[in-house]
file work_27.cif (mmCIF, C-alpha atoms and all ligand atoms)
data_target
loop_
_atom_site.label_atom_id
_atom_site.label_comp_id
_atom_site.auth_asym_id
_atom_site.auth_seq_id
_atom_site.Cartn_x
_atom_site.Cartn_y
_atom_site.Cartn_z
CA MET A 1 35.06 0.28 -62.66
CA SER A 2 33.37 -0.59 -59.35
CA SER A 3 29.85 -0.85 -60.70
CA SER A 4 28.93 -3.81 -58.46
CA ARG A 5 29.85 -2.39 -55.07
CA SER A 6 27.77 -0.06 -53.02
CA PRO A 7 29.52 2.84 -51.36
CA SER A 8 27.13 2.69 -48.39
CA LEU A 9 26.25 -1.00 -47.84
CA SER A 10 28.55 -3.32 -45.92
CA LEU A 11 27.74 -6.63 -47.58
CA PRO A 12 30.13 -9.60 -47.64
CA GLU A 13 32.37 -9.60 -50.73
CA PRO A 14 31.74 -12.58 -53.02
CA PRO A 15 34.65 -14.85 -54.03
CA ALA A 16 36.66 -13.53 -57.00
CA GLU A 17 35.06 -15.77 -59.67
CA LEU A 18 31.55 -14.72 -58.63
CA ALA A 19 32.56 -11.05 -58.51
CA GLU A 20 33.89 -11.50 -62.07
CA LEU A 21 30.53 -12.95 -63.20
CA SER A 22 28.72 -9.95 -61.73
CA GLU A 23 31.21 -7.56 -63.39
CA ALA A 24 30.59 -9.34 -66.73
CA LEU A 25 26.85 -8.73 -66.32
CA CYS A 26 27.56 -5.07 -65.46
CA ARG A 27 29.67 -4.72 -68.60
CA LYS A 28 26.73 -5.99 -70.69
CA VAL A 29 24.35 -3.54 -69.00
CA ILE A 30 26.82 -0.67 -69.51
CA ALA A 31 27.34 -1.57 -73.19
CA GLU A 32 23.59 -1.44 -73.74
CA ILE A 33 23.33 1.90 -71.90
CA GLU A 34 26.19 3.31 -74.02
CA ARG A 35 24.42 2.13 -77.17
CA ASP A 36 20.77 2.98 -76.35
CA GLY A 37 20.89 5.53 -73.53
CA PRO A 38 19.44 5.14 -69.99
CA MET A 39 17.95 1.69 -69.50
CA PRO A 40 14.34 1.34 -68.25
CA PHE A 41 14.42 -0.42 -64.89
CA ASP A 42 12.33 -3.41 -66.09
CA ARG A 43 14.97 -4.12 -68.74
CA TYR A 44 17.69 -3.90 -66.07
CA MET A 45 15.75 -6.24 -63.75
CA SER A 46 15.26 -8.77 -66.56
CA MET A 47 18.98 -8.72 -67.31
CA ALA A 48 19.93 -8.98 -63.61
CA LEU A 49 17.66 -12.02 -63.20
CA TYR A 50 17.58 -13.73 -66.61
CA GLU A 51 20.46 -12.58 -68.87
CA PRO A 52 21.62 -15.90 -70.40
CA GLY A 53 24.47 -17.42 -68.40
CA LEU A 54 24.78 -14.40 -66.11
CA GLY A 55 21.40 -13.51 -64.54
CA TYR A 56 20.56 -14.57 -60.99
CA TYR A 57 18.12 -17.36 -61.97
CA VAL A 58 20.07 -18.66 -64.97
CA ASN A 59 23.77 -18.57 -64.02
CA GLY A 60 23.66 -21.94 -62.24
CA LEU A 61 24.80 -20.41 -58.93
CA HIS A 62 21.40 -20.03 -57.36
CA LYS A 63 21.16 -21.92 -54.09
CA PHE A 64 17.92 -22.71 -52.32
CA GLY A 65 17.10 -23.00 -48.65
CA PRO A 66 19.33 -21.89 -45.80
CA ALA A 67 22.45 -21.85 -48.05
CA GLY A 68 20.76 -19.46 -50.49
CA ASP A 69 19.60 -15.85 -50.37
CA PHE A 70 16.03 -16.46 -49.14
CA VAL A 71 13.79 -19.39 -48.10
CA THR A 72 10.38 -19.89 -49.70
CA ALA A 73 7.32 -21.48 -48.04
CA PRO A 74 7.67 -24.98 -49.59
CA GLU A 75 11.32 -25.04 -48.50
CA GLN A 76 10.35 -24.56 -44.85
CA GLY A 77 9.19 -28.20 -44.66
CA GLY A 78 6.16 -30.18 -45.84
CA LEU A 79 3.23 -28.25 -44.33
CA PHE A 80 2.74 -25.79 -47.20
CA ALA A 81 2.66 -28.54 -49.86
CA ALA A 82 0.42 -30.74 -47.70
CA ALA A 83 -2.18 -27.96 -47.37
CA LEU A 84 -2.00 -27.20 -51.09
CA ALA A 85 -2.42 -30.92 -51.81
CA ARG A 86 -5.64 -30.91 -49.79
CA GLN A 87 -6.98 -28.05 -51.88
CA CYS A 88 -5.99 -29.81 -55.11
CA ASP A 89 -7.50 -33.14 -53.99
CA GLU A 90 -10.81 -31.38 -53.36
CA LEU A 91 -10.73 -30.22 -56.97
CA ALA A 92 -9.39 -33.53 -58.36
CA GLU A 93 -12.63 -35.16 -57.22
CA ALA A 94 -14.52 -32.80 -59.52
CA PHE A 95 -12.10 -33.21 -62.42
CA GLY A 96 -11.86 -36.99 -62.50
CA PRO A 97 -8.61 -38.91 -63.15
CA GLY A 98 -7.22 -37.08 -66.19
CA TRP A 99 -6.41 -33.73 -64.60
CA THR A 100 -3.29 -31.60 -65.03
CA LEU A 101 -1.24 -29.60 -62.56
CA LEU A 102 0.81 -26.77 -64.07
CA GLU A 103 3.43 -25.32 -61.73
CA LEU A 104 4.91 -21.97 -62.75
CA GLY A 105 8.54 -21.32 -61.76
CA ALA A 106 9.30 -24.38 -59.63
CA GLY A 107 12.57 -23.16 -58.06
CA SER A 108 14.28 -26.10 -56.33
CA GLY A 109 11.43 -28.49 -57.25
CA VAL A 110 10.58 -29.14 -53.60
CA LEU A 111 6.93 -28.12 -54.00
CA ALA A 112 6.53 -30.41 -57.04
CA ARG A 113 8.10 -33.32 -55.16
CA ASP A 114 6.04 -32.83 -52.00
CA LEU A 115 2.79 -32.17 -53.87
CA LEU A 116 3.14 -35.26 -56.03
CA ALA A 117 4.00 -37.36 -52.97
CA GLY A 118 1.19 -35.85 -50.89
CA LEU A 119 -1.76 -35.84 -53.30
CA ALA A 120 -4.33 -38.57 -52.75
CA SER A 121 -5.38 -38.19 -56.42
CA PRO A 122 -2.22 -37.10 -58.26
CA PRO A 123 -2.63 -35.49 -61.68
CA SER A 124 -2.05 -37.57 -64.79
CA GLU A 125 0.34 -34.84 -65.91
CA TYR A 126 2.47 -32.46 -63.79
CA LEU A 127 3.81 -29.69 -66.03
CA ILE A 128 6.60 -27.40 -64.84
CA LEU A 129 6.88 -24.13 -66.73
CA GLU A 130 10.45 -23.13 -65.91
CA PRO A 131 12.43 -20.71 -68.07
CA SER A 132 15.75 -21.35 -66.31
CA ALA A 133 17.74 -24.32 -67.71
CA PRO A 134 19.98 -24.70 -64.60
CA LEU A 135 16.87 -24.69 -62.38
CA ARG A 136 15.22 -27.35 -64.57
CA GLU A 137 18.27 -29.53 -63.76
CA VAL A 138 17.99 -28.81 -60.02
CA GLN A 139 14.29 -29.75 -60.21
CA ARG A 140 15.08 -33.02 -62.02
CA GLU A 141 17.49 -33.93 -59.22
CA THR A 142 14.96 -33.09 -56.51
CA LEU A 143 12.28 -35.16 -58.22
CA ALA A 144 14.62 -38.15 -58.51
CA ASP A 145 13.49 -39.09 -54.97
CA LEU A 146 9.95 -39.81 -56.22
CA PRO A 147 8.73 -43.27 -57.25
CA GLU A 148 8.93 -43.84 -61.02
CA ALA A 149 5.11 -43.94 -61.37
CA LEU A 150 4.90 -40.34 -60.15
CA ARG A 151 8.13 -39.06 -61.70
CA GLU A 152 7.06 -40.07 -65.19
CA ARG A 153 4.05 -37.73 -64.97
CA VAL A 154 6.36 -34.68 -64.83
CA ARG A 155 7.14 -32.76 -68.01
CA TRP A 156 9.15 -29.53 -68.30
CA ILE A 157 7.96 -26.80 -70.64
CA THR A 158 9.29 -23.34 -71.46
CA ALA A 159 5.98 -21.89 -72.70
CA PRO A 160 2.39 -22.56 -71.59
CA PRO A 161 0.96 -25.72 -73.20
CA ALA A 162 -0.87 -25.23 -76.50
CA LYS A 163 -3.44 -27.89 -75.53
CA ALA A 164 -6.26 -26.86 -73.18
CA PHE A 165 -6.50 -28.76 -69.88
CA GLU A 166 -8.66 -29.21 -66.83
CA GLY A 167 -6.80 -28.74 -63.59
CA VAL A 168 -4.84 -26.43 -61.32
CA ILE A 169 -2.14 -23.84 -61.95
CA VAL A 170 0.14 -22.99 -59.01
CA GLY A 171 2.59 -20.07 -58.94
CA ASN A 172 4.38 -19.59 -55.62
CA GLU A 173 6.69 -16.55 -55.48
CA VAL A 174 6.77 -16.25 -59.27
CA ILE A 175 5.03 -12.93 -59.87
CA ASP A 176 7.45 -11.16 -57.51
CA ALA A 177 10.26 -12.28 -59.84
CA LEU A 178 8.68 -10.68 -62.94
CA ALA A 179 10.40 -7.47 -64.04
CA VAL A 180 8.74 -4.21 -62.98
CA ALA A 181 9.05 -0.68 -64.35
CA ARG A 182 9.77 2.14 -61.86
CA PHE A 183 8.07 5.53 -61.91
CA GLU A 184 8.60 8.74 -60.01
CA VAL A 185 6.09 11.57 -59.83
CA GLY A 186 7.72 14.86 -60.83
CA HIS A 187 6.29 18.38 -60.54
CA GLU A 188 5.56 18.37 -64.28
CA GLY A 189 4.15 14.83 -64.50
CA VAL A 190 5.30 11.25 -64.23
CA LEU A 191 8.90 10.22 -64.99
CA GLU A 192 10.41 6.80 -65.60
CA GLN A 193 13.27 5.70 -63.35
CA CYS A 194 16.05 4.30 -65.51
CA VAL A 195 19.60 3.04 -65.03
CA THR A 196 22.66 4.94 -66.17
CA PHE A 197 26.43 4.63 -65.71
CA ASP A 198 28.47 7.53 -64.38
CA GLY A 199 31.87 6.04 -65.31
CA GLU A 200 32.17 4.54 -61.83
CA ARG A 201 28.85 2.93 -60.82
CA LEU A 202 25.40 2.11 -62.15
CA GLN A 203 23.06 4.85 -60.94
CA TRP A 204 19.40 5.87 -61.02
CA THR A 205 18.32 8.55 -63.45
CA THR A 206 14.92 9.67 -64.76
CA ARG A 207 13.52 10.09 -68.28
CA PRO A 208 10.11 10.91 -69.72
CA PRO A 209 8.14 7.65 -69.46
CA ARG A 210 7.74 5.22 -72.35
CA PRO A 211 4.15 5.42 -73.62
CA ARG A 212 3.13 2.06 -72.08
CA LEU A 213 4.35 3.12 -68.61
CA GLU A 214 2.61 6.49 -68.98
CA ARG A 215 -0.66 4.74 -69.94
CA ALA A 216 -0.30 2.28 -67.06
CA PHE A 217 0.40 5.15 -64.63
CA ASP A 218 -2.63 7.17 -65.82
CA LYS A 219 -4.83 4.09 -65.45
CA LEU A 220 -3.39 3.43 -61.98
CA GLN A 221 -4.30 6.95 -60.76
CA GLN A 222 -7.81 6.59 -62.21
CA GLN A 223 -8.26 3.26 -60.43
CA LEU A 224 -6.91 4.66 -57.16
CA GLY A 225 -9.24 7.64 -57.49
CA ARG A 226 -6.45 9.95 -56.31
CA ARG A 227 -3.31 11.57 -57.64
CA LEU A 228 0.02 10.39 -56.31
CA PRO A 229 1.99 13.35 -54.93
CA ALA A 230 5.22 14.79 -56.36
CA GLY A 231 8.21 12.83 -55.06
CA TYR A 232 6.22 9.57 -54.84
CA ALA A 233 8.01 6.61 -56.50
CA GLY A 234 6.95 3.02 -57.07
CA GLU A 235 6.68 0.07 -59.41
CA ILE A 236 4.20 -1.07 -62.04
CA ALA A 237 4.40 -4.60 -63.42
CA VAL A 238 3.69 -3.47 -66.98
CA ASP A 239 3.93 -7.01 -68.41
CA LEU A 240 1.70 -8.62 -65.77
CA PRO A 241 -1.66 -8.53 -67.66
CA ASP A 242 -0.17 -10.23 -70.73
CA TRP A 243 1.64 -12.76 -68.55
CA VAL A 244 -1.51 -13.71 -66.59
CA ASN A 245 -3.44 -14.03 -69.83
CA THR A 246 -0.75 -16.22 -71.42
CA VAL A 247 -0.25 -18.63 -68.52
CA THR A 248 -3.97 -19.10 -67.81
CA GLU A 249 -5.12 -19.34 -71.44
CA PRO A 250 -4.90 -23.17 -71.62
CA LEU A 251 -6.95 -23.58 -68.42
CA ALA A 252 -10.27 -24.82 -69.86
CA ARG A 253 -11.71 -25.52 -66.41
CA GLY A 254 -10.08 -25.19 -63.03
CA LEU A 255 -8.22 -22.97 -60.63
CA ALA A 256 -5.09 -20.80 -60.81
CA LEU A 257 -3.49 -20.06 -57.42
CA PHE A 258 -0.97 -17.23 -57.09
CA ILE A 259 0.83 -17.05 -53.75
CA ASP A 260 3.23 -14.22 -53.08
CA TYR A 261 4.10 -11.28 -50.88
CA GLY A 262 1.95 -8.34 -51.78
CA TYR A 263 -1.00 -6.11 -51.05
CA PRO A 264 -4.31 -5.03 -52.52
CA ARG A 265 -3.80 -1.91 -54.70
CA SER A 266 -4.93 0.73 -52.21
CA GLU A 267 -2.33 -0.51 -49.73
CA TYR A 268 0.34 -1.13 -52.35
CA TYR A 269 0.22 2.52 -53.40
CA HIS A 270 -0.47 3.80 -49.89
CA PRO A 271 0.76 7.38 -49.43
CA ASP A 272 3.21 6.19 -46.75
CA ARG A 273 4.83 3.66 -49.09
CA SER A 274 6.45 6.45 -51.07
CA ASP A 275 9.42 4.60 -52.55
CA GLY A 276 7.86 1.38 -53.79
CA THR A 277 8.45 -2.20 -52.73
CA LEU A 278 11.57 -3.25 -54.63
CA VAL A 279 13.76 -5.43 -52.43
CA CYS A 280 17.14 -7.12 -53.00
CA HIS A 281 18.25 -10.32 -51.26
CA TYR A 282 21.91 -11.21 -50.98
CA ARG A 283 22.95 -14.00 -48.63
CA HIS A 284 19.91 -13.61 -46.39
CA ARG A 285 20.37 -9.84 -46.14
CA ALA A 286 17.64 -7.61 -47.52
CA HIS A 287 18.65 -4.22 -48.93
CA PHE A 288 17.39 -1.67 -51.44
CA ASP A 289 20.28 -1.03 -53.85
CA PRO A 290 19.62 -3.06 -57.03
CA PHE A 291 23.02 -2.18 -58.48
CA VAL A 292 25.04 -4.13 -55.90
CA TRP A 293 26.33 -7.48 -57.19
CA PRO A 294 23.74 -7.96 -59.98
CA GLY A 295 23.57 -11.61 -60.97
CA LEU A 296 24.43 -12.63 -57.39
CA THR A 297 21.47 -10.82 -55.86
CA ASP A 298 17.76 -11.59 -56.07
CA LEU A 299 15.64 -8.59 -57.09
CA SER A 300 11.92 -8.70 -56.49
CA ALA A 301 8.94 -6.43 -55.99
CA PHE A 302 5.80 -6.99 -53.96
CA VAL A 303 2.70 -7.96 -55.94
CA ASP A 304 -0.28 -5.66 -56.55
CA PHE A 305 -2.94 -8.36 -56.11
CA THR A 306 -5.71 -6.10 -57.39
CA ALA A 307 -3.78 -5.90 -60.67
CA VAL A 308 -3.49 -9.72 -60.78
CA ALA A 309 -7.24 -10.09 -60.13
CA GLU A 310 -8.04 -7.55 -62.87
CA ALA A 311 -5.69 -9.30 -65.28
CA GLY A 312 -7.56 -12.53 -64.48
CA LEU A 313 -10.95 -10.92 -65.16
CA ASP A 314 -9.61 -9.53 -68.47
CA ALA A 315 -8.46 -13.06 -69.31
CA GLY A 316 -12.04 -14.34 -68.81
CA LEU A 317 -11.48 -15.86 -65.34
CA GLU A 318 -13.40 -15.20 -62.15
CA VAL A 319 -11.94 -14.39 -58.76
CA ALA A 320 -12.37 -17.52 -56.62
CA GLY A 321 -10.94 -16.08 -53.42
CA PHE A 322 -8.32 -13.90 -51.78
CA THR A 323 -6.86 -14.45 -48.34
CA THR A 324 -3.62 -14.38 -46.37
CA GLN A 325 -1.24 -17.32 -46.47
CA ALA A 326 -2.14 -17.96 -42.80
CA GLY A 327 -5.86 -17.97 -43.64
CA PHE A 328 -5.34 -20.34 -46.55
CA LEU A 329 -3.09 -22.83 -44.76
CA LEU A 330 -5.12 -22.93 -41.54
CA ALA A 331 -8.39 -23.34 -43.48
CA LEU A 332 -6.80 -26.38 -45.09
CA GLY A 333 -5.80 -27.83 -41.71
CA ALA A 334 -2.04 -27.14 -41.70
CA HIS A 335 -2.15 -27.08 -37.88
CA GLU A 336 -3.58 -30.61 -37.70
CA ALA A 337 -0.23 -32.13 -38.67
CA VAL A 338 1.34 -30.51 -35.60
CA GLU A 339 -1.32 -31.95 -33.33
CA ALA A 340 -0.94 -35.38 -34.95
CA ALA A 341 2.88 -35.50 -34.65
CA ASP A 342 4.28 -38.83 -33.42
CA ASP A 343 6.74 -37.48 -30.88
CA ASP A 344 7.76 -34.28 -29.13
CA ALA A 345 10.76 -33.57 -31.35
CA GLU A 346 8.61 -33.80 -34.48
CA ARG A 347 5.86 -31.70 -32.85
CA LEU A 348 8.42 -29.02 -31.99
CA ARG A 349 9.82 -28.99 -35.53
CA LEU A 350 6.35 -28.81 -37.12
CA SER A 351 5.16 -26.14 -34.73
CA GLY A 352 8.23 -24.01 -35.64
CA GLU A 353 7.45 -24.50 -39.32
CA LEU A 354 3.77 -23.63 -38.83
CA LYS A 355 4.75 -20.45 -36.97
CA ARG A 356 7.07 -19.33 -39.78
CA LEU A 357 4.33 -19.94 -42.35
CA THR A 358 1.41 -18.41 -40.48
CA LEU A 359 2.44 -15.85 -37.83
CA PRO A 360 1.72 -12.24 -38.80
CA GLY A 361 5.32 -11.16 -38.15
CA GLU A 362 6.63 -14.01 -40.33
CA MET A 363 5.05 -15.12 -43.64
CA GLY A 364 1.44 -15.35 -42.46
CA GLU A 365 0.08 -11.94 -43.44
CA LYS A 366 2.68 -10.52 -45.80
CA PHE A 367 2.00 -13.43 -48.16
CA LYS A 368 -1.41 -13.64 -49.81
CA VAL A 369 -3.20 -16.26 -51.89
CA LEU A 370 -5.31 -15.27 -54.88
CA GLY A 371 -7.47 -17.84 -56.66
CA LEU A 372 -8.73 -17.30 -60.22
CA GLU A 373 -11.16 -19.84 -61.60
CA ARG A 374 -12.79 -20.89 -64.81
CA GLY A 375 -15.94 -23.05 -64.95
CA LEU A 376 -15.81 -24.24 -61.33
CA GLU A 377 -18.83 -24.55 -59.13
CA ILE A 378 -17.07 -25.82 -56.07
CA ARG A 379 -16.62 -24.32 -52.64
CA LEU A 380 -12.88 -24.01 -52.14
CA SER A 381 -11.90 -24.81 -48.54
CA GLY A 382 -8.72 -22.70 -48.70
CA PHE A 383 -10.74 -19.49 -48.94
CA GLY A 384 -13.37 -20.53 -46.40
CA LEU A 385 -11.81 -19.17 -43.21
CA MET A 386 -10.58 -15.58 -43.57
CA SER A 387 -11.73 -14.07 -46.85
CA GLN A 388 -10.01 -10.79 -47.74
CA LEU A 389 -11.91 -10.37 -51.02
CA HIS A 390 -13.38 -7.05 -49.86
CA ARG A 391 -9.84 -5.60 -49.74
CA LEU A 392 -9.05 -6.18 -53.42
C1 LIG A 401 11.53 -17.03 -56.18
S1 LIG A 401 11.63 -18.44 -57.21
C2 LIG A 401 10.28 -19.37 -56.54
C3 LIG A 401 10.51 -20.83 -56.65
C4 LIG A 401 9.43 -21.78 -56.13
N1 LIG A 401 8.13 -21.53 -56.71
C5 LIG A 401 9.35 -21.75 -54.63
O1 LIG A 401 8.33 -21.34 -54.09
O2 LIG A 401 10.32 -22.15 -53.98
C6 LIG A 401 11.00 -17.87 -58.78
C7 LIG A 401 10.89 -18.95 -59.83
O3 LIG A 401 10.14 -18.42 -60.94
C8 LIG A 401 10.82 -18.72 -62.15
N2 LIG A 401 10.37 -17.77 -63.17
C9 LIG A 401 10.84 -16.55 -63.43
N3 LIG A 401 10.17 -15.97 -64.44
C10 LIG A 401 9.22 -16.84 -64.82
C11 LIG A 401 8.20 -16.83 -65.81
N4 LIG A 401 8.03 -15.79 -66.62
N5 LIG A 401 7.40 -17.91 -65.93
C12 LIG A 401 7.56 -18.98 -65.11
N6 LIG A 401 8.52 -19.05 -64.15
C13 LIG A 401 9.33 -18.00 -64.01
C14 LIG A 401 12.28 -18.68 -61.73
O4 LIG A 401 13.14 -19.26 -62.68
C15 LIG A 401 12.20 -19.43 -60.41
O5 LIG A 401 12.11 -20.83 -60.60
#
call {"tool": "encode", "arguments": {"input": "work_27.cif", "output": "structure tokens", "more": "lines below"}}
Ligand SMILES: C[S@@+](CC[C@H](N)C(=O)[O-])C[C@H]1O[C@@H](n2cnc3c(N)ncnc32)[C@H](O)[C@@H]1O
result
Amino acid sequence: MSSSRSPSLSLPEPPAELAELSEALCRKVIAEIERDGPMPFDRYMSMALYEPGLGYYVNGLHKFGPAGDFVTAPEQGGLFAAALARQCDELAEAFGPGWTLLELGAGSGVLARDLLAGLASPPSEYLILEPSAPLREVQRETLADLPEALRERVRWITAPPAKAFEGVIVGNEVIDALAVARFEVGHEGVLEQCVTFDGERLQWTTRPPRPRLERAFDKLQQQLGRRLPAGYAGEIAVDLPDWVNTVTEPLARGLALFIDYGYPRSEYYHPDRSDGTLVCHYRHRAHFDPFVWPGLTDLSAFVDFTAVAEAGLDAGLEVAGFTTQAGFLLALGAHEAVEAADDDAERLRLSGELKRLTLPGEMGEKFKVLGLERGLEIRLSGFGLMSQLHRL
């Protein structure tokens, strides 16, 4: 069986023990396919990322930063967290001292550490909703650098808190890690792209769609106001509305910020983007074959921000703002730290970081920030510079 290797990609081979872990994950996928038939892609993506002990985020192998497969905005340095802290401090004034910050999917814990250290009015409680046990450990280690008085405010949870709170929810690069279903438009109607095994490799195949994907696809075409042409393929995050509802339910008053790479719906399903947005990261190489080294490879899809905004409205929230990452960070003065740097070396380092976060060819425009609010009557500085609300 060579189910983990791609016949066409020349990616570096992992060491034998990691290859074995990936093969073990493949064997589980294949066993399920042999038992139940072709596997819907969202099930495959969940297994590849979260299958206990084997999936990419839960096998304890995940490395962050330059040694990992990709680098997120808070791992570039402190500018992202400092700007976010400014936005949170503006809100903390309105909340008073007993506010809560809920971070979704905290990765290495760097954002939690830098936010807690950078906030003028830190929350009384910093909750981290993190489903991955190995990542919770990594986060604990990262937070060990903080003074005790801040560290003791942090609590890890594996489901949203039952008790309502006033505060801020932050999810950076979390929605892109939620499993997506894949569809393909056939001549006779929509089909679901599934995973099968040909005795040699995992492969794509198509099946009539499950009812929930068919309903989501019909709704998508209605919302787009156009039919997607035969041959067009893409993703729908079928679980997104429930997820947004669940994670924002305890927010009695406050703001939820979702930051991720993505587009408004009309661009997401643009006729030219005819094979979706699924992307795989393996040792800083991006490719498009999700069957290569599962468990050692990050799989993600861009975010349909119109769908996130609609899910927020359905959950009883209001849209507080939508802008690019560059717009958000610059509105919150991220560039001021560069100007205020103590020496040339520091200025050079910060200006490199600012460029990576804000230039259009880097993270500046591909990444967007969506704010959903409940019960706030506050002007949010982060959305004050370059609103993109009209594009949603
Ligand atoms: C790409 S990493 C982003 C990490 C971090 N936010 C950052 O910006 O560096 C995705 C994170 O989301 C977590 N995650 C995945 N599914 C989740 C879910 N349903 N709820 C909350 N977190 C989730 C992963 O375990 C991981 O910590």
call {"tool": "atom_distance", "arguments": {"input": "work_27.cif", "atom1": "CA of Phe64 (chain A)", "atom2": "atom O2 of ligand LIG 401 (chain A)"}}
result
7.8 Å
call {"tool": "closest_residue", "arguments": {"input": "work_27.cif", "among": "A:Gln221, A:Pro38, A:Arg374, A:Gln87", "to": "Thr206 (chain A)", "atoms": "only C-alpha atoms"}}
result
A:Pro38
call {"tool": "residues_near_point", "arguments": {"input": "work_27.cif", "point": "(9.2, -16.4, -58.8)", "cutoff": "9 Å", "atoms": "only C-alpha atoms", "output": "list in words"}}
result
Leu104, Gly105, Ala106, Gly107, Gly171, Asn172, Glu173, Val174, Ile175, Asp176, Ala177, Leu178, Asp260 and Ser300 of chain A
call {"tool": "residues_near_ligand", "arguments": {"input": "work_27.cif", "ligand": "ligand LIG 401 (chain A)", "cutoff": "9 Å", "atoms": "all atoms listed in the file", "output": "PyMOL selection string"}}
result
chain A and resi 49-50+56-58+64-65+70-75+103-111+128-136+158-160+170-179+243+247+259-260+298+300
call {"tool": "residues_around", "arguments": {"input": "work_27.cif", "residues": "Gly167 (chain A)", "least_positions_apart": "5", "cutoff": "8 Å", "atoms": "only C-alpha atoms", "output": "list in words"}}
result
Leu91, Ala92, Phe95, Trp99, Thr100, Leu101, Leu102, Leu251, Arg253, Gly254 and Leu255 of chain A
call {"tool": "write_last_selection", "arguments": {"input": "work_27.cif", "atoms": "C-alpha atoms", "output": "PDB file, keeping the file's coordinate frame"}}
result
ATOM      1  CA  LEU A  91     -10.730 -30.220 -56.970  1.00  0.00           C
ATOM      2  CA  ALA A  92      -9.390 -33.530 -58.360  1.00  0.00           C
ATOM      3  CA  PHE A  95     -12.100 -33.210 -62.420  1.00  0.00           C
ATOM      4  CA  TRP A  99      -6.410 -33.730 -64.600  1.00  0.00           C
ATOM      5  CA  THR A 100      -3.290 -31.600 -65.030  1.00  0.00           C
ATOM      6  CA  LEU A 101      -1.240 -29.600 -62.560  1.00  0.00           C
ATOM      7  CA  LEU A 102       0.810 -26.770 -64.070  1.00  0.00           C
ATOM      8  CA  LEU A 251      -6.950 -23.580 -68.420  1.00  0.00           C
ATOM      9  CA  ARG A 253     -11.710 -25.520 -66.410  1.00  0.00           C
ATOM     10  CA  GLY A 254     -10.080 -25.190 -63.030  1.00  0.00           C
ATOM     11  CA  LEU A 255      -8.220 -22.970 -60.630  1.00  0.00           C
TER      12      LEU A 255
END
call {"tool": "residues_around", "arguments": {"input": "work_27.cif", "residues": "region 333-340 of chain A", "least_positions_apart": "2", "cutoff": "9 Å", "atoms": "only C-alpha atoms", "output": "ChimeraX atom specification"}}
result
/A:79-80,82-83,86,328-331,342-343,346-351,354
call {"tool": "decode", "arguments": {"input": "work_27.cif", "residues": "region 295-312 of chain A", "atoms": "C-alpha atoms", "output": "compact mmCIF listing (two decimals), in the first residue's frame"}}
result
# COMPACT_ATOMS: atom_id res chain seq x y z
CA GLY A 295 -1.68 13.29 9.85
CA LEU A 296 1.60 15.01 8.92
CA THR A 297 -0.06 17.59 6.69
CA ASP A 298 -2.30 20.52 7.58
CA LEU A 299 -5.53 20.62 5.55
CA SER A 300 -7.52 23.83 5.47
CA ALA A 301 -10.04 25.69 3.35
CA PHE A 302 -10.55 29.41 2.93
CA VAL A 303 -13.47 30.91 4.86
CA ASP A 304 -16.71 32.12 3.27
CA PHE A 305 -17.09 35.21 5.48
CA THR A 306 -20.62 35.88 4.24
CA ALA A 307 -21.56 32.46 5.64
CA VAL A 308 -19.93 33.33 8.99
CA ALA A 309 -21.80 36.67 9.12
CA GLU A 310 -25.11 34.92 8.30
CA ALA A 311 -24.44 32.28 10.95
CA GLY A 312 -23.86 35.14 13.41
